[in-house]
Each structure stands twice: as structure tokens, then as C-alpha cells.
Amino acid sequence: MMTHEDPRVQRVIDFFHAYSPASVADFGRYYTEDCHFKDPFNEVRGLAEVQRIFRHMDEALREPRFTVTAAVAQKDQCFLTWDFSFRLRRYRHAPQVVRGASHLRFAPDGRIAVHRDYWDAAEELYEKLPVLGGLMRWLKRRAMA
């Protein structure tokens, strides 16, 4: 289990390691009311909107699991690298893994004010889907030729 000397960072690590669909109700303990969240598919402001994104994720995926693999913190900022494993509800495939990173900025009370996720949607997600995956791999090969 990943540990960090900054208690704010450790709280976030522990929260995401223990994440379950029921955790969404507790987001107010970890995110500010006016937090800002951005990932390759979403950009929202406000706790309720961040909760909506995670609820949608829980509806679309089975067995979501976050594993923080590294954490670096300085002052009110933190950078995490992580593996996100899940199964797609619509497809009977083996577990999938998306590798990415998050840049977090903490509010004075230690909760997350800004959460920005960085990951390659094409490589980490689209290439793994039936039909679309074949097209994405073909486009990637063509772009590199």
C-alpha cells in the first residue's frame, strides 16, 4: 500500500484505494463545494458535478479500482500516478487497466480544490474496444508511417 508523509496526500490515497460506488456520497469530505475537475472527457465545477461523473462511471463500469503508484507533493499541490482497473459492462472482456496521473491542488482546509486527470484516451481506452480498437490501431500505424 502506497504511503505519503503529507497527511492530505495520504487521505486522498486512502480514499481512492478504498473507492466504491458508495464512496461518492463521501466526496464532500475530500472535495470542496466549488472544486474544479477535468479529465479527457469532462470539465466541471462543483462537488455535485464531480459526483455525477463518478456515478456515471460506476453505471458504465464494473469493479472500478484505483491504485496509486506514486505521489509527489509540494506546498498545496500534489501529483499522483495511478492505475485504474475495471471491466466494461457492455463487453465480456478481461479486466482493463488505464494508467494515468492526477494533478491536485488543495484548499486551505486540506480538501481538493482542483483535480486534473491526465491519460491517453486513445491508447488506454479506445484501442481496447471491439471494432473501434481496430480502427484506432490502424490510424496509429498510419500516423507513424
# chains A, B, ... in the order shown; residues from 1 in each chain; ligands from 1
>>> select_by_dssp(residues="chain A", states="strand (DSSP E or B)", output="PyMOL selection string")
chain A and resi 31-38+43-45+61-74+77-88+96-106+112-118
>>> write_last_selection(atoms="C-alpha atoms", output="PDB file, in the first residue's frame")
ATOM      1  CA  TYR A  31     -13.500  17.842  -2.339  1.00  0.00           C
ATOM      2  CA  THR A  32     -14.530  21.475  -1.822  1.00  0.00           C
ATOM      3  CA  GLU A  33     -18.045  22.566  -2.792  1.00  0.00           C
ATOM      4  CA  ASP A  34     -16.679  24.658  -5.686  1.00  0.00           C
ATOM      5  CA  CYS A  35     -13.988  22.209  -6.817  1.00  0.00           C
ATOM      6  CA  HIS A  36     -12.859  22.062 -10.439  1.00  0.00           C
ATOM      7  CA  PHE A  37     -12.422  18.673 -12.179  1.00  0.00           C
ATOM      8  CA  LYS A  38     -11.062  17.954 -15.651  1.00  0.00           C
ATOM      9  CA  GLU A  43     -14.594  19.590 -17.348  1.00  0.00           C
ATOM     10  CA  VAL A  44     -16.888  20.559 -14.497  1.00  0.00           C
ATOM     11  CA  ARG A  45     -17.083  22.823 -11.485  1.00  0.00           C
ATOM     12  CA  LEU A  61     -18.116   0.081 -15.493  1.00  0.00           C
ATOM     13  CA  ARG A  62     -17.888  -2.947 -13.254  1.00  0.00           C
ATOM     14  CA  GLU A  63     -15.361  -3.396 -10.455  1.00  0.00           C
ATOM     15  CA  PRO A  64     -13.669   0.037 -10.669  1.00  0.00           C
ATOM     16  CA  ARG A  65     -10.452   0.120  -8.654  1.00  0.00           C
ATOM     17  CA  PHE A  66      -7.825   2.841  -8.243  1.00  0.00           C
ATOM     18  CA  THR A  67      -4.250   2.032  -7.267  1.00  0.00           C
ATOM     19  CA  VAL A  68      -1.979   4.991  -6.598  1.00  0.00           C
ATOM     20  CA  THR A  69       1.552   4.037  -7.655  1.00  0.00           C
ATOM     21  CA  ALA A  70       3.455   7.222  -6.770  1.00  0.00           C
ATOM     22  CA  ALA A  71       2.849  10.592  -5.142  1.00  0.00           C
ATOM     23  CA  VAL A  72       4.836  13.814  -5.086  1.00  0.00           C
ATOM     24  CA  ALA A  73       3.682  16.830  -3.088  1.00  0.00           C
ATOM     25  CA  GLN A  74       4.905  20.366  -2.682  1.00  0.00           C
ATOM     26  CA  GLN A  77      -0.094  20.742  -4.835  1.00  0.00           C
ATOM     27  CA  CYS A  78       0.194  17.033  -5.396  1.00  0.00           C
ATOM     28  CA  PHE A  79       0.880  14.844  -8.409  1.00  0.00           C
ATOM     29  CA  LEU A  80      -0.263  11.206  -8.320  1.00  0.00           C
ATOM     30  CA  THR A  81       0.341   8.412 -10.793  1.00  0.00           C
ATOM     31  CA  TRP A  82      -2.205   5.620 -10.775  1.00  0.00           C
ATOM     32  CA  ASP A  83      -3.614   2.505 -12.371  1.00  0.00           C
ATOM     33  CA  PHE A  84      -7.371   2.346 -12.821  1.00  0.00           C
ATOM     34  CA  SER A  85      -8.690  -1.165 -13.367  1.00  0.00           C
ATOM     35  CA  PHE A  86     -12.238  -2.042 -14.360  1.00  0.00           C
ATOM     36  CA  ARG A  87     -14.440  -4.249 -16.507  1.00  0.00           C
ATOM     37  CA  LEU A  88     -16.699  -2.856 -19.205  1.00  0.00           C
ATOM     38  CA  GLN A  96      -8.896  -3.355 -18.378  1.00  0.00           C
ATOM     39  CA  VAL A  97      -6.259  -1.021 -16.963  1.00  0.00           C
ATOM     40  CA  VAL A  98      -5.852   2.673 -17.656  1.00  0.00           C
ATOM     41  CA  ARG A  99      -2.606   4.247 -16.483  1.00  0.00           C
ATOM     42  CA  GLY A 100      -2.614   7.938 -15.786  1.00  0.00           C
ATOM     43  CA  ALA A 101      -1.806  10.788 -13.462  1.00  0.00           C
ATOM     44  CA  SER A 102      -3.653  13.417 -11.458  1.00  0.00           C
ATOM     45  CA  HIS A 103      -2.612  16.935 -10.534  1.00  0.00           C
ATOM     46  CA  LEU A 104      -4.352  18.049  -7.348  1.00  0.00           C
ATOM     47  CA  ARG A 105      -4.450  21.432  -5.635  1.00  0.00           C
ATOM     48  CA  PHE A 106      -5.522  21.518  -2.023  1.00  0.00           C
ATOM     49  CA  ILE A 112      -9.193  19.021  -3.095  1.00  0.00           C
ATOM     50  CA  ALA A 113      -9.976  22.304  -4.869  1.00  0.00           C
ATOM     51  CA  VAL A 114      -8.650  21.291  -8.301  1.00  0.00           C
ATOM     52  CA  HIS A 115      -8.376  17.772  -9.747  1.00  0.00           C
ATOM     53  CA  ARG A 116      -6.983  17.345 -13.258  1.00  0.00           C
ATOM     54  CA  ASP A 117      -6.520  13.852 -14.708  1.00  0.00           C
ATOM     55  CA  TYR A 118      -4.070  13.122 -17.498  1.00  0.00           C
TER      56      TYR A 118
END
>>> select_by_dssp(residues="chain A", states="alpha helix (DSSP H)", output="JSON, numbers by chain")
{"A": [7, 8, 9, 10, 11, 12, 13, 14, 15, 16, 17, 47, 48, 49, 50, 51, 52, 53, 54, 55, 56, 57, 58, 59, 60, 121, 122, 123, 124, 132, 133, 134, 135, 136, 137, 138, 139, 140, 141, 142, 143, 144]}
>>> atom_distance(atom1="CA of Phe16 (chain A)", atom2="CA of Ala94 (chain A)")
22.0 Å
>>> residues_around(residues="Tyr30 (chain A)", least_positions_apart="3", cutoff="9 Å", atoms="only C-alpha atoms", output="list in words")
Arg11, Val12, Phe15, Asp26, Phe27, Gly110, Arg111 and Ile112 of chain A
>>> write_last_selection(atoms="N, CA, C and O atoms", output="PDB file, in the first residue's frame")
ATOM      1  N   ARG A  11      -4.598  10.992   2.855  1.00  0.00           N
ATOM      2  CA  ARG A  11      -6.074  10.898   2.875  1.00  0.00           C
ATOM      3  C   ARG A  11      -6.624  10.606   1.488  1.00  0.00           C
ATOM      4  O   ARG A  11      -7.517   9.778   1.328  1.00  0.00           O
ATOM      5  N   VAL A  12      -6.074  11.292   0.478  1.00  0.00           N
ATOM      6  CA  VAL A  12      -6.529  11.091  -0.898  1.00  0.00           C
ATOM      7  C   VAL A  12      -6.171   9.681  -1.369  1.00  0.00           C
ATOM      8  O   VAL A  12      -6.992   8.993  -1.977  1.00  0.00           O
ATOM      9  N   PHE A  15      -8.458   7.239   0.316  1.00  0.00           N
ATOM     10  CA  PHE A  15      -9.806   7.373  -0.232  1.00  0.00           C
ATOM     11  C   PHE A  15      -9.923   6.637  -1.563  1.00  0.00           C
ATOM     12  O   PHE A  15     -10.855   5.856  -1.766  1.00  0.00           O
ATOM     13  N   ASP A  26     -19.458  10.381   0.030  1.00  0.00           N
ATOM     14  CA  ASP A  26     -18.485  10.989   0.942  1.00  0.00           C
ATOM     15  C   ASP A  26     -17.564  12.009   0.276  1.00  0.00           C
ATOM     16  O   ASP A  26     -16.653  12.522   0.921  1.00  0.00           O
ATOM     17  N   PHE A  27     -17.770  12.307  -0.998  1.00  0.00           N
ATOM     18  CA  PHE A  27     -16.857  13.204  -1.716  1.00  0.00           C
ATOM     19  C   PHE A  27     -16.710  14.566  -1.039  1.00  0.00           C
ATOM     20  O   PHE A  27     -15.669  15.191  -1.148  1.00  0.00           O
ATOM     21  N   GLY A 110      -7.462  21.509   3.379  1.00  0.00           N
ATOM     22  CA  GLY A 110      -6.910  20.196   3.051  1.00  0.00           C
ATOM     23  C   GLY A 110      -7.716  19.399   2.050  1.00  0.00           C
ATOM     24  O   GLY A 110      -7.283  18.341   1.607  1.00  0.00           O
ATOM     25  N   ARG A 111      -8.905  19.895   1.672  1.00  0.00           N
ATOM     26  CA  ARG A 111      -9.694  19.198   0.665  1.00  0.00           C
ATOM     27  C   ARG A 111      -9.215  19.581  -0.730  1.00  0.00           C
ATOM     28  O   ARG A 111      -8.521  20.568  -0.920  1.00  0.00           O
ATOM     29  N   ILE A 112      -9.612  18.803  -1.709  1.00  0.00           N
ATOM     30  CA  ILE A 112      -9.193  19.021  -3.095  1.00  0.00           C
ATOM     31  C   ILE A 112     -10.021  20.158  -3.692  1.00  0.00           C
ATOM     32  O   ILE A 112     -11.247  20.084  -3.729  1.00  0.00           O
TER      33      ILE A 112
END
>>> atom_distance(atom1="CA of Phe54 (chain A)", atom2="CA of Glu5 (chain A)")
27.3 Å
>>> atom_distance(atom1="CA of Pro21 (chain A)", atom2="CA of Asp58 (chain A)")
6.1 Å
>>> closest_residue(among="A:Ala60, A:Val50, A:Ala107, A:Val9", to="Ala25 (chain A)", atoms="only C-alpha atoms")
A:Val50
>>> closest_residue(among="A:Val24, A:Pro40, A:Asp120, A:Met1", to="Arg52 (chain A)", atoms="only C-alpha atoms")
A:Val24
>>> closest_residue(among="A:Leu47, A:Arg29, A:Phe41, A:Trp119", to="Arg8 (chain A)", atoms="only C-alpha atoms")
A:Arg29
